[in-house]
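What follows is my_file-v5.csv (CSV, C-alpha atoms).
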```
chain,number,residue,atom,x,y,z
A,1437,VAL,CA,-9.6,8.8,-15.1
A,1438,ALA,CA,-7.6,12.0,-15.4
A,1439,LEU,CA,-6.7,13.2,-11.9
A,1440,LYS,CA,-5.0,16.4,-10.7
A,1441,ASP,CA,-1.4,15.9,-9.6
A,1442,ARG,CA,-2.1,16.8,-6.0
A,1443,LEU,CA,-5.0,14.2,-5.8
A,1444,LYS,CA,-3.0,11.5,-7.6
A,1445,ASN,CA,0.0,12.0,-5.3
A,1446,THR,CA,-2.2,12.0,-2.2
A,1447,LEU,CA,-3.8,8.7,-3.3
A,1448,VAL,CA,-0.4,7.2,-3.9
A,1449,LEU,CA,0.8,8.3,-0.5
A,1450,GLU,CA,-2.3,6.9,1.3
A,1451,SER,CA,-2.0,3.5,-0.5
A,1452,GLY,CA,1.7,3.3,0.5
A,1453,ILE,CA,1.3,4.1,4.2
A,1454,ASN,CA,-2.0,2.2,4.6
A,1455,ASP,CA,-0.8,-1.3,3.7
A,1456,PRO,CA,2.0,-1.6,6.2
A,1457,MET,CA,-0.3,-0.5,9.0
A,1458,ALA,CA,-3.1,-2.8,7.9
A,1459,ILE,CA,-0.8,-5.8,7.8
A,1460,PHE,CA,0.8,-5.0,11.2
A,1461,LEU,CA,-2.7,-4.6,12.8
A,1462,THR,CA,-4.0,-7.8,11.3
A,1463,ILE,CA,-1.0,-9.8,12.5
A,1464,ALA,CA,-1.1,-8.3,16.0
A,1465,LEU,CA,-4.9,-8.8,16.5
A,1466,THR,CA,-4.7,-12.4,15.0
A,1467,THR,CA,-1.9,-13.2,17.4
A,1468,LEU,CA,-4.0,-12.0,20.3
A,1469,VAL,CA,-7.0,-14.0,19.2
A,1470,ASP,CA,-5.0,-17.2,18.6
A,1471,ALA,CA,-3.5,-16.8,22.1
A,1472,GLY,CA,-6.9,-16.4,23.7
A,1473,ALA,CA,-5.6,-13.2,25.4
A,1474,PRO,CA,-8.1,-10.4,26.2
A,1475,LEU,CA,-8.0,-7.3,24.0
A,1476,THR,CA,-6.6,-4.8,26.5
A,1477,LEU,CA,-4.4,-1.7,26.3
A,1478,SER,CA,-1.5,-3.5,27.9
A,1479,GLY,CA,-1.8,-6.4,25.4
A,1480,ILE,CA,-1.8,-4.0,22.5
A,1481,ALA,CA,1.1,-2.0,24.0
A,1482,GLY,CA,3.2,-5.2,24.0
A,1483,PHE,CA,3.3,-4.9,20.2
A,1484,LEU,CA,4.7,-1.4,20.2
A,1485,PRO,CA,8.4,-2.5,20.1
A,1486,ASP,CA,7.6,-4.7,17.1
A,1487,PHE,CA,5.7,-1.8,15.5
A,1488,ALA,CA,8.7,0.5,16.0
A,1489,ALA,CA,11.0,-2.1,14.5
A,1490,GLN,CA,8.7,-2.7,11.5
A,1491,ILE,CA,8.6,1.0,10.7
A,1492,GLY,CA,12.2,1.8,11.5
A,1493,PHE,CA,13.8,-1.0,9.6
A,1494,GLY,CA,11.3,-0.5,6.8
A,1495,LEU,CA,12.4,3.1,6.4
A,1496,VAL,CA,16.1,2.2,6.5
A,1497,GLY,CA,15.7,-0.7,4.1
A,1498,GLY,CA,13.5,1.2,1.7
A,1499,ILE,CA,15.6,4.4,1.6
A,1500,GLY,CA,18.9,2.6,1.6
A,1501,GLY,CA,17.8,0.0,-0.9
A,1502,GLY,CA,16.3,2.5,-3.2
A,1503,LEU,CA,19.5,4.6,-3.2
A,1504,ILE,CA,21.7,1.6,-3.9
A,1505,LEU,CA,19.5,0.2,-6.5
A,1506,ALA,CA,19.2,3.5,-8.3
A,1507,GLU,CA,23.0,3.9,-8.2
A,1508,LEU,CA,23.4,0.4,-9.6
A,1509,PHE,CA,21.1,1.1,-12.5
A,1510,ASN,CA,22.8,4.4,-13.4
A,1511,ARG,CA,26.3,2.9,-13.4
A,1512,ALA,CA,25.7,-0.5,-14.9
A,1513,GLY,CA,24.8,0.6,-18.4
A,1514,MET,CA,22.3,-2.2,-18.9
A,1515,GLY,CA,20.1,-2.5,-22.0
A,1516,LYS,CA,16.7,-1.1,-21.8
A,1517,GLY,CA,15.1,-4.5,-21.9
A,1518,LEU,CA,16.9,-5.5,-18.7
A,1519,HIS,CA,15.6,-2.5,-16.6
A,1520,ALA,CA,12.2,-4.0,-15.7
A,1521,PRO,CA,13.3,-7.5,-14.7
A,1522,MET,CA,16.3,-6.1,-12.8
A,1523,ALA,CA,14.0,-3.7,-10.9
A,1524,LEU,CA,11.8,-6.7,-10.0
A,1525,VAL,CA,14.8,-8.7,-8.8
A,1526,GLY,CA,16.0,-5.8,-6.7
A,1527,ALA,CA,12.5,-5.3,-5.3
A,1528,PHE,CA,12.3,-8.9,-4.2
A,1529,PHE,CA,15.8,-8.7,-2.6
A,1530,ILE,CA,15.0,-5.5,-0.6
A,1531,PHE,CA,11.6,-6.9,0.5
A,1532,ALA,CA,13.1,-10.2,1.7
A,1533,LEU,CA,16.1,-8.6,3.4
A,1534,THR,CA,13.9,-6.0,5.2
A,1535,ASN,CA,11.6,-8.8,6.4
A,1536,LEU,CA,14.6,-10.9,7.6
A,1537,ILE,CA,15.8,-8.0,9.8
A,1538,GLY,CA,12.3,-7.5,11.3
A,1539,GLY,CA,11.2,-4.5,9.2
A,1540,SER,CA,8.1,-3.9,7.0
A,1541,GLY,CA,8.9,-5.2,3.6
A,1542,PHE,CA,5.9,-3.4,2.2
A,1543,LEU,CA,7.0,0.0,3.5
A,1544,ALA,CA,10.5,-0.7,2.3
A,1545,ILE,CA,9.5,-1.6,-1.3
A,1546,TYR,CA,7.2,1.4,-1.5
A,1547,LEU,CA,9.9,3.8,-0.5
A,1548,CYS,CA,12.4,2.1,-2.8
A,1549,GLY,CA,10.0,2.6,-5.7
A,1550,LEU,CA,9.7,6.3,-5.0
A,1551,ILE,CA,13.4,6.8,-4.8
A,1552,LEU,CA,14.1,4.7,-7.8
A,1553,ALA,CA,11.6,6.6,-9.9
A,1554,ASP,CA,13.1,9.9,-8.8
A,1555,ARG,CA,16.8,9.1,-9.2
A,1556,LEU,CA,17.0,7.0,-12.3
A,1557,HIS,CA,18.6,8.7,-15.2
A,1558,GLN,CA,16.8,6.5,-17.7
A,1559,PRO,CA,13.1,6.7,-18.7
A,1560,THR,CA,10.9,4.6,-16.3
A,1561,GLU,CA,8.0,3.9,-18.7
A,1562,ARG,CA,9.2,0.3,-19.4
A,1563,ILE,CA,9.6,-0.5,-15.7
A,1564,ILE,CA,6.2,1.0,-14.9
A,1565,HIS,CA,4.4,-0.8,-17.7
A,1566,PHE,CA,6.1,-4.1,-16.9
A,1567,HIS,CA,5.0,-3.9,-13.2
A,1568,GLU,CA,1.5,-2.8,-14.1
A,1569,GLY,CA,1.1,-6.0,-16.2
A,1570,LEU,CA,2.4,-8.1,-13.2
A,1571,GLN,CA,0.0,-6.2,-10.9
A,1572,TRP,CA,-3.0,-7.1,-13.1
A,1573,LEU,CA,-1.9,-10.7,-13.4
A,1574,SER,CA,-1.5,-11.0,-9.6
A,1575,GLN,CA,-4.9,-9.5,-9.0
A,1576,ILE,CA,-6.5,-12.0,-11.4
A,1577,ALA,CA,-4.7,-14.9,-9.7
A,1578,LEU,CA,-5.7,-13.7,-6.3
A,1579,PHE,CA,-9.4,-13.4,-7.0
A,1580,LEU,CA,-9.4,-16.7,-8.9
A,1581,MET,CA,-7.9,-18.5,-5.8
A,1582,LEU,CA,-10.4,-16.7,-3.6
A,1583,GLY,CA,-13.2,-17.8,-5.9
A,1584,LEU,CA,-12.1,-21.4,-5.7
A,1585,LEU,CA,-12.6,-21.3,-1.9
A,1586,VAL,CA,-16.3,-20.4,-2.2
A,1587,THR,CA,-19.0,-23.1,-2.2
A,1588,PRO,CA,-21.9,-21.6,-4.2
A,1589,SER,CA,-24.5,-23.8,-2.4
A,1590,ALA,CA,-23.4,-22.4,1.0
A,1591,LEU,CA,-23.7,-18.7,0.0
A,1592,GLY,CA,-27.4,-18.4,0.8
A,1593,ALA,CA,-27.1,-19.2,4.5
A,1594,THR,CA,-24.8,-16.2,5.1
A,1595,PHE,CA,-25.7,-13.9,2.3
A,1596,TRP,CA,-27.4,-11.1,4.3
A,1597,GLU,CA,-24.9,-11.3,7.1
A,1598,ALA,CA,-22.0,-10.9,4.6
A,1599,ILE,CA,-23.8,-8.0,3.0
A,1600,ALA,CA,-24.2,-6.3,6.4
A,1601,VAL,CA,-20.5,-6.8,7.3
A,1602,ALA,CA,-19.4,-5.5,3.9
A,1603,ALA,CA,-21.6,-2.4,4.2
A,1604,ILE,CA,-20.2,-1.7,7.7
A,1605,LEU,CA,-16.6,-2.1,6.6
A,1606,MET,CA,-17.1,0.0,3.5
A,1607,LEU,CA,-19.4,2.8,4.7
A,1608,ALA,CA,-18.9,3.1,8.4
A,1609,ARG,CA,-15.5,2.0,9.6
A,1610,GLN,CA,-13.4,2.5,6.5
A,1611,ALA,CA,-15.0,5.8,5.5
A,1612,SER,CA,-14.9,7.4,8.9
A,1613,GLY,CA,-11.2,6.6,9.3
A,1614,GLN,CA,-10.4,7.8,5.8
A,1615,ILE,CA,-12.3,11.1,6.2
A,1616,GLY,CA,-10.1,12.2,9.1
A,1617,LYS,CA,-6.9,11.0,7.3
A,1618,VAL,CA,-7.8,12.7,4.0
A,1619,ALA,CA,-8.9,15.9,5.7
A,1620,LEU,CA,-5.6,16.1,7.5
A,1621,LEU,CA,-3.5,15.4,4.4
A,1622,HIS,CA,-5.6,17.9,2.4
A,1623,CYS,CA,-5.1,20.7,5.0
A,1624,ALA,CA,-1.4,19.9,5.3
A,1625,ALA,CA,-1.0,20.1,1.5
A,1626,CYS,CA,-2.9,23.3,0.8
A,1627,GLY,CA,-3.2,25.1,4.2
A,1628,PRO,CA,-6.0,25.4,6.6
A,1629,PHE,CA,-7.8,28.3,4.8
A,1630,CYS,CA,-8.6,26.2,1.7
A,1631,CYS,CA,-10.1,23.2,3.5
A,1632,SER,CA,-13.7,24.3,3.1
A,1633,SER,CA,-13.3,25.1,-0.6
A,1634,SER,CA,-12.5,21.6,-1.9
A,1635,TRP,CA,-14.7,19.1,-0.1
A,1636,SER,CA,-15.8,17.5,-3.3
A,1637,LEU,CA,-12.1,16.6,-3.8
A,1638,VAL,CA,-12.0,15.1,-0.3
A,1639,VAL,CA,-15.2,13.1,-0.9
A,1640,PHE,CA,-13.7,11.7,-4.1
A,1641,MET,CA,-10.5,10.7,-2.3
A,1642,VAL,CA,-12.4,9.0,0.5
A,1643,CYS,CA,-14.5,7.0,-2.0
A,1644,SER,CA,-11.3,6.0,-3.9
A,1645,MET,CA,-9.6,4.8,-0.8
A,1646,CYS,CA,-12.7,2.9,0.5
A,1647,GLY,CA,-13.3,0.9,-2.7
A,1648,PRO,CA,-10.4,-1.5,-2.5
A,1649,SER,CA,-11.1,-2.4,1.1
A,1650,ILE,CA,-14.4,-4.2,0.4
```

Once more with this new file: its structure as structure tokens, please.
Amino acid sequence: VALKDRLKNTLVLESGINDPMAIFLTIALTTLVDAGAPLTLSGIAGFLPDFAAQIGFGLVGGIGGGLILAELFNRAGMGKGLHAPMALVGAFFIFALTNLIGGSGFLAIYLCGLILADRLHQPTERIIHFHEGLQWLSQIALFLMLGLLVTPSALGATFWEAIAVAAILMLARQASGQIGKVALLHCAACGPFCCSSSWSLVVFMVCSMCGPSI
């Protein structure tokens, strides 16, 4: 699908900032449930220092790692065939190091990719195509493993409940949250006076963001 640059960049921005938040919230809420603690404001506030560390170290690790990795690529004079695997090795290293110091590895690797694409002197097509192939292989493996966990004979007992939960997550919770986020990003990008003229664009962006969350 051919997308306008502004729409494409906004979708990339949303996907990059959405994953670190979703992972942090999932871990925090799972920790509360496992501990049997009530879901209160004070309980949630106890995770704020960890959240600040995740975002702060993630920013430092991503920006610093991206700058170092780009400088290494530009100075090393490697063959074109080595760019993609070396980028993958660098990504693993930055992700792991950021996690070890308490930051968000997902945020760090997202920022590292942006900086690397911007500062590399060599063409990035080989790196992009290599990682797109790994992305598709990872998705295939993920859904294959999820499929192996399903017992077909047990699907009938929870079919309608699962459909209802999926509909709520897709149409109500996810869409309502994304509408406000997309409208804010849209207004920030083009100014408050053009917000009413491009709602079809906003709707398309919301649908694009809600799809992967099912």

* **Spatial neighbours of region 1520-1534 of chain A, max dist 12 Å, only C-alpha atoms, sep filter under 5 positions, as JSON, numbers by chain** => {"A": [1489, 1490, 1491, 1492, 1493, 1494, 1495, 1496, 1497, 1498, 1499, 1500, 1501, 1502, 1503, 1504, 1505, 1506, 1508, 1509, 1512, 1514, 1515, 1539, 1540, 1541, 1542, 1543, 1544, 1545, 1546, 1547, 1548, 1549, 1550, 1552, 1553, 1556, 1558, 1559, 1560, 1561, 1562, 1563, 1564, 1565, 1566, 1567, 1568, 1569, 1570, 1571]}

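The space between CA of His1557 (chain A) and CA of Asn1510 (chain A) spans 6.3 Å.
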
* Ala1481 (chain A) surroundings by only C-alpha atoms, 12 Å radius, close-in-sequence under 5 positions cut, as a list in words ->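 Non-adjacent residues within range: Ala1464, Leu1465, Leu1468, Leu1475, Thr1476, Asp1486, Phe1487 and Ala1488 of chain A.
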
* Tell me, in Å to one decimal, how far CA of Gly1482 (chain A) is from CA of Ile1453 (chain A). => 22.0 Å

* Quick one, how far is CA of His1519 (chain A) from CA of Leu1449 (chain A)? ->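 CA of His1519 (chain A) sits 24.4 Å away from CA of Leu1449 (chain A).
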